[in-house]
Amino acid sequence: MTLKLIRNAYEAGLTMAAVLLCWGAALVLEGAAGLHTDVLVLAVALTLTLAGTQRTADTRRRLTTLVLLPVTAAASIFVARLIASHYTAGAAVYTAGMALAIWIRRYGPAATKAGTLIALPLVALLVVPGSALPAEAQSGLVTWGWSALVGVMACCSVWLVQALGDRFGPWRPDPAPAAPARRSRLHPRPSTRMALQMAAGIAAAFTLGHLLFDDHWPWAVLTAYVAASGNRGRTDVLRKGIERLAGACLGTFLAAGVAAADVTGHAAVALVFTTLAVALWLRPLNYAFWAAGMTCALSLLLGYFGQDAASLLPTRLEGIAVGAVLSVASAWWLLPVPGRPAASAARPLAAG
């Protein structure tokens, strides 16, 4: 266990080094181009979610990432603006994009990796949506061109740090186990079932999230996605939903303690990165640790933007509970997928 914790700390350190490198580059870009805070949020979110998918990637896969990620990051800006201006239409486009990212798995490993890259920016825009940003940032959200550039910066930051880690670090990444090459006899196919489940869960989360929580709908949608991603069967979705809710409750208590200490300014930013690092370190032990860290970090971020994060914590928990219930319901009663070994399931994204 001690060796595992040390190895986890090393991998978390690599990820956070890439995050800080991309954040620093985005900070320079923000000042030089007159951009707003959202470009920093996008840089951190993309790098954080990308790092786990690139650890064992070969050259061909990384070149594919360099093409697809900037394109999908740019497209996600249009989706975000569509949600802000026409909620129903934007929610439909978002839901279709997430379902497509899963459905194309039927075409093999390359399509599965492409689906992951499609989903990454869509997950990132849920982390801190435009409504959570300062008023001056909301009036000038990052454009698709700058978003594409941030996608390139995230790729370069992750690859540089991981290459240096492989060259000079004590460990190299363990190769991911190959999925068994066998055709499922299920009809519809597992990829179609999971795509429909994801679409149903996210669509319901968009609907109830907006009705119950107004501008805080992303908490329900993000949970619906996280609980259903990498679906290994009904029990797996139920477990992840419970772990996310338990972790969010723990994160709520942590955030309340930080709010009582009145941490603001640069200290709050430093504490956000520290919280993410600890959450990354403990995530392989149990997903609840990651959920707790993300809840606490996002609360700190909202507090930095001037929102009363403490008063929003109960709403966050309610949104997470709604998203978890919707995801579990769709997995259990809409074309359920039989349980599968962990090696055969796609790895969930590192966000949320």
# chains A, B, ... in the order shown; residues from 1 in each chain; ligands from 1
call {"tool": "residues_around", "arguments": {"residues": "A:Thr112", "least_positions_apart": "5", "cutoff": "10 Å", "atoms": "only C-alpha atoms", "output": "PyMOL selection string"}}
result
chain A and resi 101-107+117-118+191+346
call {"tool": "residues_around", "arguments": {"residues": "A:Ala203", "least_positions_apart": "3", "cutoff": "9 Å", "atoms": "only C-alpha atoms", "output": "PyMOL selection string"}}
result
chain A and resi 91-92+94-95+198-200+206-208+221
call {"tool": "residues_around", "arguments": {"residues": "stretch 72-86 of chain A", "least_positions_apart": "6", "cutoff": "10 Å", "atoms": "only C-alpha atoms", "output": "PyMOL selection string"}}
result
chain A and resi 42+46+92-94+97+117-126+129-131+141-152+215
call {"tool": "closest_residue", "arguments": {"among": "A:Glu243, A:Asp214, A:Ala205, A:Arg316", "to": "A:Ala255", "atoms": "only C-alpha atoms"}}
result
A:Arg316
call {"tool": "closest_residue", "arguments": {"among": "A:Met153, A:Val337, A:Gly257, A:Leu21", "to": "A:Gly230", "atoms": "only C-alpha atoms"}}
result
A:Val337
call {"tool": "select_by_dssp", "arguments": {"residues": "stretch 33-131 of chain A", "states": "alpha helix (DSSP H)", "output": "ChimeraX atom specification"}}
result
/A:33,38-54,59-85,87-103,109-127
call {"tool": "write_last_selection", "arguments": {"atoms": "C-alpha atoms", "output": "compact mmCIF listing (two decimals), in the first residue's frame"}}
result
# COMPACT_ATOMS: atom_id res chain seq x y z
CA ALA A 33 -4.53 39.04 -25.76
CA ASP A 38 -12.52 31.64 -18.49
CA VAL A 39 -9.43 30.93 -20.61
CA LEU A 40 -7.60 29.89 -17.41
CA VAL A 41 -10.48 27.64 -16.35
CA LEU A 42 -10.54 26.01 -19.79
CA ALA A 43 -6.77 25.43 -19.74
CA VAL A 44 -6.86 23.73 -16.34
CA ALA A 45 -9.95 21.63 -17.13
CA LEU A 46 -8.63 20.39 -20.49
CA THR A 47 -5.17 19.55 -19.15
CA LEU A 48 -6.56 17.80 -16.10
CA THR A 49 -8.88 15.59 -18.15
CA LEU A 50 -6.40 15.01 -20.99
CA ALA A 51 -3.47 13.83 -18.86
CA GLY A 52 -4.97 10.47 -17.97
CA THR A 53 -5.80 9.62 -21.59
CA GLN A 54 -2.29 10.33 -22.91
CA THR A 59 2.77 8.75 -31.52
CA ARG A 60 -0.15 8.12 -33.86
CA ARG A 61 -2.69 8.55 -31.09
CA ARG A 62 -1.03 11.77 -29.93
CA LEU A 63 -1.09 13.22 -33.44
CA THR A 64 -4.77 12.37 -33.63
CA THR A 65 -5.27 14.16 -30.31
CA LEU A 66 -3.42 17.22 -31.61
CA VAL A 67 -5.91 17.44 -34.48
CA LEU A 68 -9.15 16.50 -32.73
CA LEU A 69 -8.83 18.22 -29.34
CA PRO A 70 -8.44 21.80 -30.65
CA VAL A 71 -11.33 21.23 -33.07
CA THR A 72 -13.64 19.84 -30.40
CA ALA A 73 -12.55 22.53 -27.92
CA ALA A 74 -13.53 25.18 -30.45
CA ALA A 75 -16.83 23.43 -31.13
CA SER A 76 -17.59 23.25 -27.40
CA ILE A 77 -17.60 27.07 -27.29
CA PHE A 78 -20.46 27.13 -29.79
CA VAL A 79 -22.31 24.54 -27.71
CA ALA A 80 -21.80 26.59 -24.55
CA ARG A 81 -23.13 29.73 -26.20
CA LEU A 82 -26.06 27.83 -27.66
CA ILE A 83 -26.98 26.55 -24.19
CA ALA A 84 -26.75 30.09 -22.82
CA SER A 85 -28.97 31.58 -25.53
CA TYR A 87 -31.19 26.22 -23.53
CA THR A 88 -33.31 23.46 -25.05
CA ALA A 89 -31.48 23.43 -28.38
CA GLY A 90 -28.10 23.61 -26.68
CA ALA A 91 -28.99 20.79 -24.32
CA ALA A 92 -30.08 18.65 -27.28
CA VAL A 93 -26.81 19.28 -29.13
CA TYR A 94 -24.77 18.55 -25.99
CA THR A 95 -26.68 15.33 -25.33
CA ALA A 96 -26.23 14.18 -28.93
CA GLY A 97 -22.49 14.89 -28.78
CA MET A 98 -22.04 12.84 -25.61
CA ALA A 99 -24.11 9.96 -27.01
CA LEU A 100 -22.12 10.04 -30.27
CA ALA A 101 -18.84 9.83 -28.34
CA ILE A 102 -20.02 6.50 -26.89
CA TRP A 103 -21.90 5.10 -29.89
CA PRO A 109 -10.21 1.17 -30.51
CA ALA A 110 -9.39 4.14 -32.76
CA ALA A 111 -13.01 5.28 -32.76
CA THR A 112 -13.18 4.80 -28.98
CA LYS A 113 -10.19 7.11 -28.51
CA ALA A 114 -11.74 9.65 -30.89
CA GLY A 115 -14.95 9.52 -28.84
CA THR A 116 -12.96 10.32 -25.71
CA LEU A 117 -11.51 13.40 -27.40
CA ILE A 118 -15.00 14.52 -28.45
CA ALA A 119 -16.19 14.26 -24.86
CA LEU A 120 -13.24 16.01 -23.18
CA PRO A 121 -14.15 19.65 -23.99
CA LEU A 122 -17.84 18.96 -23.37
CA VAL A 123 -17.00 17.75 -19.88
CA ALA A 124 -14.68 20.72 -19.37
CA LEU A 125 -17.40 23.28 -20.09
CA LEU A 126 -19.49 21.79 -17.26
CA VAL A 127 -16.76 22.33 -14.66
call {"tool": "residues_around", "arguments": {"residues": "A:Glu318", "least_positions_apart": "5", "cutoff": "10 Å", "atoms": "only C-alpha atoms", "output": "VMD selection string"}}
result
chain A and resid 209 212 to 213 219 to 220 245 313 323 to 324
call {"tool": "residues_around", "arguments": {"residues": "stretch 159-170 of chain A", "least_positions_apart": "3", "cutoff": "9 Å", "atoms": "only C-alpha atoms", "output": "ChimeraX atom specification"}}
result
/A:10,14-15,17-18,21,51,54-55,62,154-156,173
call {"tool": "closest_residue", "arguments": {"among": "A:Cys22, A:Ala227, A:Leu3, A:Cys296", "to": "A:Thr274", "atoms": "only C-alpha atoms"}}
result
A:Cys296
